[in-house]
Each structure stands twice: as structure tokens, then as C-alpha cells.
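Structure below is start28.cif: mmCIF, C-alpha atoms.
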```
data_run
#
loop_
_atom_site.label_atom_id
_atom_site.label_comp_id
_atom_site.auth_asym_id
_atom_site.auth_seq_id
_atom_site.Cartn_x
_atom_site.Cartn_y
_atom_site.Cartn_z
CA MET A 1 -13.32 -39.94 -18.19
CA GLU A 2 -14.59 -37.23 -15.84
CA LYS A 3 -18.27 -37.26 -15.09
CA ASN A 4 -19.09 -33.56 -15.42
CA ILE A 5 -18.33 -30.99 -18.08
CA ASN A 6 -16.48 -27.80 -17.20
CA PHE A 7 -19.13 -25.27 -18.13
CA THR A 8 -18.36 -21.65 -18.88
CA LYS A 9 -20.17 -20.84 -15.65
CA GLU A 10 -22.86 -18.20 -15.62
CA LYS A 11 -23.59 -16.96 -12.11
CA TYR A 12 -27.15 -17.15 -10.84
CA SER A 13 -28.36 -18.99 -13.95
CA ILE A 14 -32.12 -18.60 -14.36
CA ALA A 15 -32.71 -21.88 -16.20
CA GLY A 16 -30.68 -24.61 -17.82
CA PRO A 17 -30.04 -28.36 -17.96
CA LEU A 18 -27.76 -30.85 -16.29
CA ILE A 19 -25.49 -32.00 -19.11
CA ASP A 20 -22.61 -34.41 -18.47
CA ASN A 21 -20.37 -36.68 -20.46
CA SER A 22 -22.97 -39.45 -20.52
CA ASP A 23 -25.05 -37.22 -22.81
CA ILE A 24 -22.09 -36.53 -25.09
CA GLU A 25 -21.18 -40.22 -25.27
CA GLU A 26 -24.77 -41.18 -26.18
CA ILE A 27 -24.96 -38.47 -28.85
CA SER A 28 -21.62 -39.67 -30.28
CA LYS A 29 -23.04 -43.19 -30.48
CA MET A 30 -26.15 -41.92 -32.21
CA MET A 31 -24.04 -40.08 -34.78
CA LYS A 32 -22.49 -43.39 -35.81
CA ILE A 33 -25.61 -45.56 -35.96
CA GLY A 34 -28.71 -43.36 -36.04
CA TRP A 35 -29.24 -42.30 -39.65
CA TYR A 36 -30.40 -45.24 -41.76
CA GLY A 37 -33.02 -47.95 -41.90
CA LYS A 38 -34.56 -49.09 -38.64
CA LYS A 39 -32.12 -46.93 -36.64
CA LYS A 40 -33.25 -43.58 -38.08
CA TYR A 41 -35.79 -43.06 -35.24
CA TYR A 42 -34.26 -45.59 -32.87
CA TYR A 43 -33.66 -43.13 -30.03
CA VAL A 44 -36.95 -41.30 -30.53
CA GLU A 45 -38.81 -44.57 -30.02
CA LYS A 46 -36.66 -45.60 -27.03
CA PHE A 47 -37.33 -42.24 -25.40
CA GLU A 48 -41.07 -42.43 -26.08
CA LYS A 49 -41.21 -45.87 -24.50
CA ILE A 50 -39.39 -45.10 -21.24
CA PHE A 51 -41.08 -41.70 -20.85
CA SER A 52 -44.62 -43.06 -21.25
CA SER A 53 -43.84 -46.00 -18.96
CA TYR A 54 -42.56 -43.66 -16.23
CA HIS A 55 -45.89 -41.81 -16.34
CA ASN A 56 -47.96 -45.00 -16.48
CA ARG A 57 -49.32 -44.05 -19.90
CA LYS A 58 -49.91 -46.51 -22.72
CA TYR A 59 -48.60 -44.32 -25.51
CA GLY A 60 -45.93 -41.65 -25.93
CA LEU A 61 -45.27 -39.62 -29.05
CA MET A 62 -42.32 -37.25 -29.30
CA THR A 63 -42.73 -34.00 -31.23
CA SER A 64 -40.52 -31.14 -32.40
CA ASN A 65 -41.67 -28.98 -29.46
CA CYS A 66 -44.48 -28.73 -26.91
CA THR A 67 -46.47 -26.13 -28.86
CA SER A 68 -46.73 -28.54 -31.77
CA ALA A 69 -47.72 -31.34 -29.37
CA ILE A 70 -50.71 -29.28 -28.26
CA GLN A 71 -51.66 -28.38 -31.82
CA ILE A 72 -51.48 -32.02 -32.94
CA VAL A 73 -53.76 -33.13 -30.09
CA LEU A 74 -56.26 -30.35 -30.82
CA LYS A 75 -56.37 -31.50 -34.45
CA SER A 76 -56.79 -35.10 -33.33
CA ILE A 77 -59.79 -34.31 -31.12
CA ASN A 78 -61.36 -32.56 -34.12
CA LEU A 79 -61.28 -29.04 -32.73
CA LYS A 80 -63.23 -26.90 -35.16
CA LYS A 81 -63.61 -23.25 -36.01
CA ASN A 82 -65.37 -21.32 -33.21
CA ASP A 83 -65.06 -24.18 -30.72
CA GLU A 84 -64.00 -22.99 -27.28
CA VAL A 85 -61.20 -24.29 -25.06
CA ILE A 86 -60.89 -23.06 -21.47
CA VAL A 87 -57.35 -22.30 -20.31
CA PRO A 88 -55.87 -20.56 -17.27
CA ASP A 89 -55.18 -16.87 -17.78
CA ILE A 90 -51.66 -17.28 -16.39
CA THR A 91 -49.53 -19.61 -18.49
CA TRP A 92 -47.06 -19.40 -21.32
CA ILE A 93 -48.60 -18.49 -24.67
CA SER A 94 -48.04 -22.00 -26.08
CA THR A 95 -51.06 -23.26 -24.15
CA ALA A 96 -53.39 -20.91 -25.99
CA SER A 97 -51.77 -20.06 -29.33
CA PRO A 98 -52.46 -23.50 -30.89
CA ILE A 99 -56.16 -22.97 -30.12
CA LYS A 100 -56.11 -19.72 -32.07
CA MET A 101 -54.10 -21.36 -34.86
CA MET A 102 -56.94 -23.89 -35.19
CA ASN A 103 -59.41 -20.97 -35.58
CA ALA A 104 -60.98 -21.89 -32.27
CA LYS A 105 -61.33 -19.60 -29.26
CA PRO A 106 -59.34 -19.70 -26.00
CA ILE A 107 -61.44 -18.76 -22.98
CA PHE A 108 -59.36 -17.41 -20.11
CA CYS A 109 -60.20 -18.58 -16.61
CA ASP A 110 -58.84 -16.97 -13.46
CA VAL A 111 -56.35 -18.88 -11.33
CA ASP A 112 -56.37 -20.09 -7.75
CA LYS A 113 -54.37 -17.84 -5.44
CA THR A 114 -52.77 -20.76 -3.59
CA ASN A 115 -51.52 -22.91 -6.46
CA TRP A 116 -51.50 -20.30 -9.28
CA CYS A 117 -53.26 -22.82 -11.54
CA ILE A 118 -56.70 -22.81 -13.17
CA ASP A 119 -59.40 -22.33 -10.52
CA HIS A 120 -61.81 -25.25 -10.70
CA LYS A 121 -64.41 -23.18 -8.82
CA LYS A 122 -64.57 -20.69 -11.69
CA VAL A 123 -64.39 -23.08 -14.64
CA GLU A 124 -68.02 -24.19 -14.80
CA ASP A 125 -69.28 -20.64 -15.25
CA LEU A 126 -67.28 -20.46 -18.48
CA ILE A 127 -68.59 -23.69 -20.03
CA THR A 128 -70.96 -23.18 -22.97
CA LYS A 129 -72.38 -25.31 -25.76
CA LYS A 130 -69.25 -24.46 -27.74
CA THR A 131 -66.81 -25.72 -25.10
CA LYS A 132 -64.74 -28.61 -26.41
CA ALA A 133 -62.09 -29.00 -23.71
CA ILE A 134 -60.29 -27.62 -20.68
CA ILE A 135 -56.49 -27.43 -20.73
CA ALA A 136 -55.21 -27.57 -17.16
CA VAL A 137 -51.66 -26.20 -16.80
CA ASP A 138 -49.23 -27.34 -14.10
CA LEU A 139 -47.61 -23.97 -13.45
CA TYR A 140 -43.98 -23.97 -12.26
CA GLY A 141 -44.50 -27.54 -11.03
CA ASN A 142 -47.69 -26.67 -9.13
CA MET A 143 -50.79 -28.65 -10.05
CA PRO A 144 -54.49 -27.66 -10.05
CA GLU A 145 -57.19 -29.77 -8.41
CA MET A 146 -57.14 -32.46 -11.07
CA LYS A 147 -59.77 -34.77 -9.64
CA LYS A 148 -62.26 -31.91 -9.38
CA LEU A 149 -61.52 -30.87 -12.95
CA GLU A 150 -62.06 -34.47 -14.07
CA LEU A 151 -65.51 -34.47 -12.44
CA ILE A 152 -66.42 -31.16 -14.06
CA CYS A 153 -65.39 -32.45 -17.49
CA LYS A 154 -67.29 -35.70 -17.02
CA LYS A 155 -70.41 -33.87 -15.89
CA ASN A 156 -70.33 -31.51 -18.87
CA LYS A 157 -69.14 -34.11 -21.41
CA ILE A 158 -66.03 -32.20 -22.42
CA LEU A 159 -62.39 -33.27 -22.60
CA LEU A 160 -59.67 -32.63 -20.05
CA LEU A 161 -56.14 -32.08 -21.39
CA GLU A 162 -53.07 -31.56 -19.21
CA ASP A 163 -50.26 -29.17 -20.06
CA ALA A 164 -47.48 -30.66 -17.93
CA ALA A 165 -44.67 -28.81 -19.74
CA GLU A 166 -43.41 -27.38 -16.45
CA ALA A 167 -44.16 -30.30 -14.18
CA LEU A 168 -41.88 -33.23 -14.92
CA GLY A 169 -41.39 -34.91 -11.54
CA SER A 170 -44.49 -33.41 -9.94
CA SER A 171 -47.27 -35.61 -8.60
CA GLN A 172 -50.63 -35.21 -6.90
CA ASN A 173 -51.88 -37.86 -4.49
CA ASN A 174 -49.23 -40.26 -5.86
CA VAL A 175 -50.31 -39.72 -9.49
CA LYS A 176 -47.63 -38.19 -11.68
CA ALA A 177 -48.21 -34.99 -13.62
CA GLY A 178 -48.87 -36.06 -17.20
CA LYS A 179 -51.19 -38.92 -16.27
CA PHE A 180 -54.35 -36.81 -16.21
CA GLY A 181 -56.84 -36.17 -18.99
CA LYS A 182 -57.41 -37.58 -22.45
CA ALA A 183 -53.88 -36.48 -23.35
CA SER A 184 -51.02 -34.57 -21.78
CA PHE A 185 -48.06 -32.59 -23.08
CA PHE A 186 -44.44 -32.04 -22.02
CA SER A 187 -41.69 -29.66 -23.10
CA PHE A 188 -37.98 -30.40 -23.46
CA HIS A 189 -36.92 -26.85 -24.28
CA ARG A 190 -33.35 -25.99 -23.26
CA THR A 191 -34.71 -24.40 -20.04
CA LYS A 192 -36.80 -27.36 -18.95
CA THR A 193 -36.09 -30.05 -16.33
CA ILE A 194 -34.69 -32.36 -19.00
CA THR A 195 -33.84 -31.06 -22.43
CA THR A 196 -33.60 -32.15 -26.04
CA GLY A 197 -32.67 -28.60 -27.10
CA GLU A 198 -36.19 -28.23 -28.42
CA GLY A 199 -38.78 -30.96 -28.21
CA GLY A 200 -42.09 -32.11 -26.81
CA MET A 201 -44.06 -35.22 -25.92
CA ILE A 202 -47.69 -36.30 -26.12
CA LEU A 203 -48.90 -38.91 -23.63
CA THR A 204 -52.26 -40.68 -23.83
CA ASP A 205 -54.00 -43.92 -22.94
CA ASP A 206 -56.36 -43.63 -25.92
CA LYS A 207 -55.21 -45.68 -28.93
CA MET A 208 -57.33 -43.70 -31.39
CA ILE A 209 -55.91 -40.38 -30.17
CA TYR A 210 -52.41 -41.81 -30.37
CA GLU A 211 -52.84 -43.02 -33.95
CA LYS A 212 -54.37 -39.73 -35.06
CA CYS A 213 -51.55 -37.78 -33.41
CA LYS A 214 -48.96 -39.98 -35.09
CA PHE A 215 -50.68 -39.38 -38.42
CA TYR A 216 -50.84 -35.60 -38.05
CA ARG A 217 -47.31 -35.36 -36.63
CA ASP A 218 -45.93 -36.21 -40.09
CA ASN A 219 -47.90 -34.13 -42.63
CA GLY A 220 -50.88 -36.51 -42.67
CA ARG A 221 -48.72 -39.19 -44.28
CA ASN A 222 -50.26 -42.55 -45.14
CA PHE A 223 -48.78 -45.22 -42.86
CA LYS A 224 -48.58 -47.84 -45.61
CA ASN A 225 -47.55 -45.68 -48.57
CA SER A 226 -44.82 -43.39 -47.33
CA TYR A 227 -45.10 -40.98 -50.27
CA TRP A 228 -48.89 -40.54 -50.18
CA CYS A 229 -50.63 -38.12 -47.80
CA ASP A 230 -54.25 -38.60 -46.80
CA ASP A 231 -54.53 -35.12 -45.29
CA SER A 232 -52.53 -31.91 -45.17
CA PHE A 233 -51.03 -30.76 -41.90
CA GLY A 234 -47.73 -29.48 -40.55
CA LYS A 235 -44.61 -31.54 -40.00
CA PHE A 236 -43.67 -31.89 -36.34
CA MET A 237 -41.32 -34.86 -36.39
CA PRO A 238 -38.43 -34.83 -33.90
CA SER A 239 -34.94 -35.78 -34.98
CA ASN A 240 -33.06 -38.83 -33.75
CA ILE A 241 -30.57 -36.40 -32.18
CA GLN A 242 -33.37 -34.93 -30.05
CA GLY A 243 -34.59 -38.38 -29.11
CA CYS A 244 -31.07 -39.46 -28.19
CA LEU A 245 -30.47 -36.51 -25.88
CA GLY A 246 -33.90 -37.00 -24.30
CA TYR A 247 -33.19 -40.69 -23.72
CA SER A 248 -29.81 -39.91 -22.17
CA GLN A 249 -31.21 -37.12 -20.00
CA PHE A 250 -34.08 -39.26 -18.80
CA LYS A 251 -31.75 -42.00 -17.56
CA LYS A 252 -30.70 -39.61 -14.77
CA ILE A 253 -34.21 -38.35 -14.02
CA LYS A 254 -34.03 -39.25 -10.31
CA LYS A 255 -30.85 -37.23 -9.87
CA ILE A 256 -32.31 -34.26 -11.74
CA ILE A 257 -35.62 -34.23 -9.83
CA LYS A 258 -33.69 -34.52 -6.56
CA LYS A 259 -31.60 -31.49 -7.51
CA LYS A 260 -34.71 -29.49 -8.39
CA GLY A 261 -36.15 -30.34 -4.99
CA GLU A 262 -32.96 -29.22 -3.29
CA ILE A 263 -33.08 -25.87 -5.10
CA LEU A 264 -36.65 -25.26 -3.91
CA LYS A 265 -35.71 -26.36 -0.40
CA SER A 266 -32.79 -23.91 -0.34
CA TYR A 267 -34.99 -21.00 -1.35
CA ASN A 268 -37.47 -21.92 1.38
CA LYS A 269 -34.60 -22.04 3.86
CA TYR A 270 -33.07 -18.67 2.98
CA LEU A 271 -36.36 -16.81 2.53
CA LYS A 272 -38.19 -18.24 5.55
CA GLU A 273 -37.80 -15.02 7.59
CA LEU A 274 -39.96 -13.18 5.05
CA LYS A 275 -43.60 -13.21 6.07
CA LEU A 276 -46.57 -13.38 3.70
CA ILE A 277 -44.80 -14.86 0.69
CA GLN A 278 -45.49 -17.93 -1.44
CA LEU A 279 -43.04 -20.19 -3.21
CA ASN A 280 -43.91 -23.25 -5.30
CA GLN A 281 -46.60 -25.22 -3.50
CA ILE A 282 -45.63 -28.26 -1.45
CA LYS A 283 -48.67 -30.27 -0.37
CA LYS A 284 -48.84 -33.37 1.77
CA GLY A 285 -48.94 -36.50 -0.38
CA SER A 286 -47.66 -34.62 -3.43
CA ILE A 287 -44.33 -33.75 -5.01
CA ASN A 288 -43.41 -30.50 -6.73
CA GLY A 289 -40.95 -30.95 -9.60
CA ALA A 290 -40.09 -27.24 -9.22
CA TRP A 291 -39.04 -26.64 -12.81
CA SER A 292 -38.62 -22.95 -11.96
CA VAL A 293 -38.84 -21.57 -8.43
CA ALA A 294 -41.21 -18.61 -8.30
CA ILE A 295 -42.05 -16.22 -5.49
CA VAL A 296 -45.22 -14.21 -4.96
CA TRP A 297 -45.25 -11.66 -2.15
CA ASP A 298 -48.20 -10.15 -0.35
CA GLU A 299 -49.69 -6.80 -1.36
CA SER A 300 -48.57 -5.42 2.01
CA TYR A 301 -45.01 -5.20 0.63
CA LYS A 302 -46.30 -2.47 -1.70
CA LYS A 303 -43.88 -3.37 -4.47
CA LYS A 304 -44.61 -4.35 -8.06
CA SER A 305 -42.60 -7.03 -9.81
CA ASP A 306 -41.11 -4.63 -12.37
CA PHE A 307 -39.65 -2.56 -9.50
CA VAL A 308 -38.09 -5.63 -7.86
CA ILE A 309 -36.71 -6.84 -11.21
CA LYS A 310 -35.03 -3.48 -11.84
CA LYS A 311 -33.51 -3.49 -8.36
CA LEU A 312 -32.17 -7.02 -8.79
CA ASN A 313 -30.76 -6.22 -12.22
CA SER A 314 -29.03 -3.13 -10.83
CA LYS A 315 -27.16 -5.51 -8.49
CA GLY A 316 -26.16 -7.73 -11.40
CA LEU A 317 -28.74 -10.38 -10.48
CA PRO A 318 -30.86 -11.92 -13.25
CA THR A 319 -34.52 -12.81 -12.90
CA ARG A 320 -37.55 -13.14 -15.10
CA PRO A 321 -41.11 -11.95 -14.61
CA PHE A 322 -43.94 -14.18 -13.53
CA PHE A 323 -46.06 -15.12 -16.55
CA PHE A 324 -48.31 -12.30 -17.74
CA PRO A 325 -52.08 -12.87 -18.04
CA LEU A 326 -52.73 -13.94 -21.62
CA SER A 327 -55.91 -11.88 -21.69
CA SER A 328 -53.71 -8.78 -21.40
CA MET A 329 -52.06 -9.57 -24.74
CA LYS A 330 -53.56 -7.91 -27.82
CA THR A 331 -53.20 -11.07 -29.89
CA PHE A 332 -56.00 -12.65 -27.85
CA SER A 333 -58.22 -9.88 -26.58
CA LYS A 334 -59.08 -6.26 -27.22
CA LYS A 335 -60.85 -6.00 -23.90
CA ASP A 336 -59.27 -5.53 -20.50
CA LYS A 337 -59.94 -8.64 -18.40
CA LYS A 338 -58.27 -7.25 -15.29
CA SER A 339 -61.61 -6.64 -13.60
CA ILE A 340 -62.69 -10.24 -14.29
CA ASN A 341 -59.56 -12.31 -13.66
CA LYS A 342 -58.42 -10.34 -10.64
CA ILE A 343 -56.24 -13.04 -9.09
CA SER A 344 -54.28 -13.61 -12.31
CA TYR A 345 -53.44 -9.93 -12.69
CA SER A 346 -52.63 -9.50 -9.02
CA ILE A 347 -50.27 -12.48 -8.85
CA SER A 348 -48.51 -11.48 -12.06
CA GLU A 349 -47.83 -8.03 -10.62
CA ARG A 350 -46.38 -9.47 -7.39
CA GLY A 351 -44.31 -12.36 -8.64
CA ILE A 352 -40.96 -13.18 -10.21
CA CYS A 353 -39.02 -16.30 -11.11
CA LEU A 354 -35.79 -17.03 -9.27
CA PRO A 355 -32.57 -18.57 -10.65
CA SER A 356 -33.28 -22.30 -10.92
CA ALA A 357 -30.77 -23.77 -13.37
CA LEU A 358 -29.51 -27.22 -12.50
CA ILE A 359 -25.95 -25.89 -12.20
CA ILE A 360 -26.79 -23.24 -9.59
CA THR A 361 -24.99 -23.57 -6.24
CA GLU A 362 -26.40 -23.21 -2.74
CA LYS A 363 -24.05 -20.29 -2.09
CA GLU A 364 -25.47 -18.47 -5.10
CA ILE A 365 -29.00 -19.07 -3.80
CA LYS A 366 -28.02 -17.81 -0.34
CA ASP A 367 -26.34 -14.66 -1.70
CA TYR A 368 -29.27 -13.98 -4.04
CA CYS A 369 -31.79 -14.30 -1.20
CA ILE A 370 -29.87 -11.82 0.99
CA ILE A 371 -30.32 -9.11 -1.62
CA LEU A 372 -33.91 -10.08 -2.50
CA LYS A 373 -34.93 -9.90 1.16
CA LYS A 374 -33.39 -6.45 1.49
CA ILE A 375 -35.24 -5.19 -1.60
CA LEU A 376 -38.59 -6.45 -0.32
CA LYS A 377 -38.06 -5.15 3.21
CA ASP A 378 -36.82 -1.65 2.30
#
```

Encoding of this model in C-alpha cells:
Amino acid sequence: MEKNINFTKEKYSIAGPLIDNSDIEEISKMMKIGWYGKKKYYYVEKFEKIFSSYHNRKYGLMTSNCTSAIQIVLKSINLKKNDEVIVPDITWISTASPIKMMNAKPIFCDVDKTNWCIDHKKVEDLITKKTKAIIAVDLYGNMPEMKKLELICKKNKILLLEDAAEALGSSQNNVKAGKFGKASFFSFHRTKTITTGEGGMILTDDKMIYEKCKFYRDNGRNFKNSYWCDDSFGKFMPSNIQGCLGYSQFKKIKKIIKKKGEILKSYNKYLKELKLIQLNQIKKGSINGAWSVAIVWDESYKKKSDFVIKKLNSKGLPTRPFFFPLSSMKTFSKKDKKSINKISYSISERGICLPSALIITEKEIKDYCIILKKILKD
């Protein structure tokens, strides 16, 4: 049987997985055995085990998606009404929306201009008596200064949580993304480095957190009496189909991370003649999993991201905007934070995401870069 599937190929695909016949064969096997008795969560548990082991974590708990993973952990650390959680201003809404759903308050911190992640130098000024935790986000595979954030949290007796949804394969000083903090979260959305269609994962080394998360993942169900609930909460159980696809995808993790690295390397190669631009950060002693390759250009180019996006689209080239500052969204704030979180707003206005699907070809990257360079130079 051939190794790869003949996709209906979309040129310059922004995001998407590497699916081959090994995934289809594993799913077919699951369909035959994975519905009854001890096999009903067989693949979920296998996936949890290999995923947590890869990250040197004691416990892994798969969820229906990453947003629910964050919400479950916030419930498990007893986040209460009016508690505060500090998050970077630039991230996807899933980092902050579970905080609001728990009737707590997200506090938006500006980002570092070099790694686009939460700026540890600005965090301490935001800590109050109400601060419960900091959620550090690994943006586009970049990672913030984790060790410095750990020291800040220890000093102020608050929790560090790591949103590693975009950083599978990244590491900092030989420590993998997802190993930091009291707990960490991953996403297996269809766009992510590996996919389960939808899905998430909680990793932790804390047995009590793990057991609470497992409890709240399934409606607050009593572990001994399956039809009695000791608390009321949402249901965020993954299916065995999701676990099966995750398990199959993860078995080729080295190949997938290598491909992501090659995509980032190609963009660096074909955009190197442009001066004063940033792509995903590559630091000595660290690895960038490069879930999505992003570019931020200097203000001297005098072009906003919406202008560049329109120009690319007019050439038939897809792209997507850099994440918007969450403080600019009415759901979180009625006040303009642009004057406070200047770096976040500036980067968002000068950045876009480049096609990074695992089926993209080097020729597509080269052709795309030719047009992007012309747009920025003109």
C-alpha cells in the first residue's frame, strides 16, 4: 500500500496536518475494537501515556480541545470570581476566554519585541493581591523567558501555567515546551502540528492537579460510582477516535517536527535579502517547533499588515493576520490599551502568518516569497 494519500492539493496551504495511510489504518483498527469495555478509551490512554512521557511529565490528560483543557485546569486550581490571571496581550482568545468563563479577570501584559511572548520585565508590575496565576504562551513556537517567569511566580507565590498549544517540538535550554509550570496545555486542532481533528492535552507533574482535572473533565463524576456526580461541571471527554488519530500522528512526531523546521528554514532562505524583518525566533540551545511561520517587518517599511494581506490576496496568495491584541476586543475591555501595551499593538500591525501546512512544497514557498518581497519593497 502506498505511503501517502493523494490529497486534493490546495496551493500555498496556510495550515494543515501530515496525514498518511498509517493514520487511516490505525483508525480502521480502532473502529473494529475501540467501542466496548476496557477498549472504549484504549487509544486515549495510549496517547496520554506516550505524549506525557515525551515531555517528561508524570501525567497526561486528553481533552475535547485546548480551550477546555485550560478551563479544567483553572477549575482545578480553584480559580474564583474576581481572581486575576496575567496573560500576554497577543495570543489566541482561548488563553483568556476560560478565565472570563470562570468569572475571573484576565490581565493583559505587553509582549517582548524579540520573541513576541509575554514580557517578564513587565509582569511584576501587574501582580496584585488578587493575582492567582500567570499563563505564559509559546507563540508560533517561540517561547518566553521561562526560568525568569518561574522565579517571579515563586517570589510572589502565584502559579505558572504554560499554554504550549502552538509549540509542540519547541524547547528552551534542552527543556521541551510543555514541561514548565504547574500544568501545561496543548492543542490538536486540525491546523496544529499534529491533529486529532479537535482535541487538547493537559500535562502536569502534580498528582492532585491531575486527579482534579480528571474529575472535572467528566462532569464531576464520582470515580467509584459511575452514575453519581459529586460536582457539576462541563463534559470535556475526548473520543477514542480522537485518541487514536493522536496516537497515530504522534508516532511520526520526529518526521513532522523535521518538516516544520525545514519550512521555517526555507522562509529564512528566501527572505534573507530583506533587512529589518523577524521570523520565528531561533536561539542557540533551543528548538523552534514553528507551528506557523510568522513574519514581522520593521516600521521603516511603512506598510500595515492589512495592506500586505490585501496585496497578497489580489495575487491569489492566502495568508492570515498576526494575532490581534486581546485588549482591543470588546469582549474583554472597553478601554483602549494601545497606549499601554505598545509593543503588542505595533507587532500586530506589522505581522502576518505565512503558509505553513505540512504539505507545502519548497517551490511554493519560493514563489510566495518572491511576491511578498516585492510587496514590501515597493

A:Thr131: which residues within 8 Å, counting only C-alpha atoms, same-chain residues fewer than 5 positions away excluded, as a ChimeraX atom specification? /A:83-86,158

Could you list, as a ChimeraX atom specification, every residue matched by the PyMOL selection byres ((chain A and resi 308) around 10) in this structure? /A:303-307,309-314,319,321,350-352,372,375-376

Go ahead and dump the residues you just picked, C-alpha atoms, as a compact mmCIF listing (two decimals), keeping the file's coordinate frame.
```
# COMPACT_ATOMS: atom_id res chain seq x y z
CA LYS A 303 -43.88 -3.37 -4.47
CA LYS A 304 -44.61 -4.35 -8.06
CA SER A 305 -42.60 -7.03 -9.81
CA ASP A 306 -41.11 -4.63 -12.37
CA PHE A 307 -39.65 -2.56 -9.50
CA ILE A 309 -36.71 -6.84 -11.21
CA LYS A 310 -35.03 -3.48 -11.84
CA LYS A 311 -33.51 -3.49 -8.36
CA LEU A 312 -32.17 -7.02 -8.79
CA ASN A 313 -30.76 -6.22 -12.22
CA SER A 314 -29.03 -3.13 -10.83
CA THR A 319 -34.52 -12.81 -12.90
CA PRO A 321 -41.11 -11.95 -14.61
CA ARG A 350 -46.38 -9.47 -7.39
CA GLY A 351 -44.31 -12.36 -8.64
CA ILE A 352 -40.96 -13.18 -10.21
CA LEU A 372 -33.91 -10.08 -2.50
CA ILE A 375 -35.24 -5.19 -1.60
CA LEU A 376 -38.59 -6.45 -0.32
```

Name the residues that the PyMOL selection byres ((chain A and resi 7-22) around 8) picks from the file above, as an MDAnalysis selection string, using the file's chain letters and numbers. chainID A and resid 2:6 23:26 190:195 248:249 256 292 317:320 353:360 364:365 368

Write out, as a CSV table (one decimal), keeping the file's coordinate frame, the residues just selected, with C-alpha atoms.
```csv
chain,number,residue,atom,x,y,z
A,2,GLU,CA,-14.6,-37.2,-15.8
A,3,LYS,CA,-18.3,-37.3,-15.1
A,4,ASN,CA,-19.1,-33.6,-15.4
A,5,ILE,CA,-18.3,-31.0,-18.1
A,6,ASN,CA,-16.5,-27.8,-17.2
A,23,ASP,CA,-25.0,-37.2,-22.8
A,24,ILE,CA,-22.1,-36.5,-25.1
A,25,GLU,CA,-21.2,-40.2,-25.3
A,26,GLU,CA,-24.8,-41.2,-26.2
A,190,ARG,CA,-33.4,-26.0,-23.3
A,191,THR,CA,-34.7,-24.4,-20.0
A,192,LYS,CA,-36.8,-27.4,-19.0
A,193,THR,CA,-36.1,-30.0,-16.3
A,194,ILE,CA,-34.7,-32.4,-19.0
A,195,THR,CA,-33.8,-31.1,-22.4
A,248,SER,CA,-29.8,-39.9,-22.2
A,249,GLN,CA,-31.2,-37.1,-20.0
A,256,ILE,CA,-32.3,-34.3,-11.7
A,292,SER,CA,-38.6,-23.0,-12.0
A,317,LEU,CA,-28.7,-10.4,-10.5
A,318,PRO,CA,-30.9,-11.9,-13.2
A,319,THR,CA,-34.5,-12.8,-12.9
A,320,ARG,CA,-37.6,-13.1,-15.1
A,353,CYS,CA,-39.0,-16.3,-11.1
A,354,LEU,CA,-35.8,-17.0,-9.3
A,355,PRO,CA,-32.6,-18.6,-10.6
A,356,SER,CA,-33.3,-22.3,-10.9
A,357,ALA,CA,-30.8,-23.8,-13.4
A,358,LEU,CA,-29.5,-27.2,-12.5
A,359,ILE,CA,-26.0,-25.9,-12.2
A,360,ILE,CA,-26.8,-23.2,-9.6
A,364,GLU,CA,-25.5,-18.5,-5.1
A,365,ILE,CA,-29.0,-19.1,-3.8
A,368,TYR,CA,-29.3,-14.0,-4.0
```

Step by step, work through what the PyMOL selection byres ((chain A and resi 88-100) around 8) selects in the shown file, and finish by giving those residues as a PyMOL selection string. chain A and resi 66-68+70-71+74+85-87+101-106+108-111+116-119+135-137+139+163+323-327+341+344+348

By how many Å are atom CA of A:Ile347 and atom CA of A:Gly289 apart? 20.7 Å

When you draw a straight line from atom CA of A:Leu79 to atom CA of A:Gly220, how long is it in Å? 16.2 Å

Just the number, please: distance in Å from atom CA of A:Asp231 to atom CA of A:Thr63, one decimal.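 These atoms are spaced 18.4 Å apart.
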
Using only C-alpha atoms, which of the listed residues (A:Tyr345, A:Gly178, A:Ile277, A:Ser239) sits closest to A:Tyr54?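 Closest candidate: A:Gly178.
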
Can you take stretch 273-296 of chain A from the block and write C-alpha atoms as a PDB file, in the first residue's frame?
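Everything below was put into out.pdb:
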```pdb
ATOM      1  CA  GLU A 273      17.677  39.632   1.410  1.00  0.00           C
ATOM      2  CA  LEU A 274      15.002  41.601   3.266  1.00  0.00           C
ATOM      3  CA  LYS A 275      16.507  43.723   6.007  1.00  0.00           C
ATOM      4  CA  LEU A 276      14.890  44.505   9.353  1.00  0.00           C
ATOM      5  CA  ILE A 277      12.451  41.614   9.489  1.00  0.00           C
ATOM      6  CA  GLN A 278      11.805  38.919  12.084  1.00  0.00           C
ATOM      7  CA  LEU A 279      10.685  35.351  11.585  1.00  0.00           C
ATOM      8  CA  ASN A 280      10.107  32.767  14.321  1.00  0.00           C
ATOM      9  CA  GLN A 281      12.922  33.013  16.834  1.00  0.00           C
ATOM     10  CA  ILE A 282      15.807  30.557  16.648  1.00  0.00           C
ATOM     11  CA  LYS A 283      18.046  30.770  19.719  1.00  0.00           C
ATOM     12  CA  LYS A 284      21.212  28.873  20.483  1.00  0.00           C
ATOM     13  CA  GLY A 285      20.483  25.816  22.624  1.00  0.00           C
ATOM     14  CA  SER A 286      16.785  25.904  21.747  1.00  0.00           C
ATOM     15  CA  ILE A 287      14.485  24.489  19.091  1.00  0.00           C
ATOM     16  CA  ASN A 288      11.522  26.226  17.482  1.00  0.00           C
ATOM     17  CA  GLY A 289       8.704  23.846  16.546  1.00  0.00           C
ATOM     18  CA  ALA A 290       7.476  26.521  14.107  1.00  0.00           C
ATOM     19  CA  TRP A 291       3.813  25.547  14.145  1.00  0.00           C
ATOM     20  CA  SER A 292       3.099  28.561  11.930  1.00  0.00           C
ATOM     21  CA  VAL A 293       5.806  30.705  10.358  1.00  0.00           C
ATOM     22  CA  ALA A 294       5.160  34.389  11.040  1.00  0.00           C
ATOM     23  CA  ILE A 295       6.918  37.495   9.797  1.00  0.00           C
ATOM     24  CA  VAL A 296       7.124  40.910  11.427  1.00  0.00           C
TER      25      VAL A 296
END
```
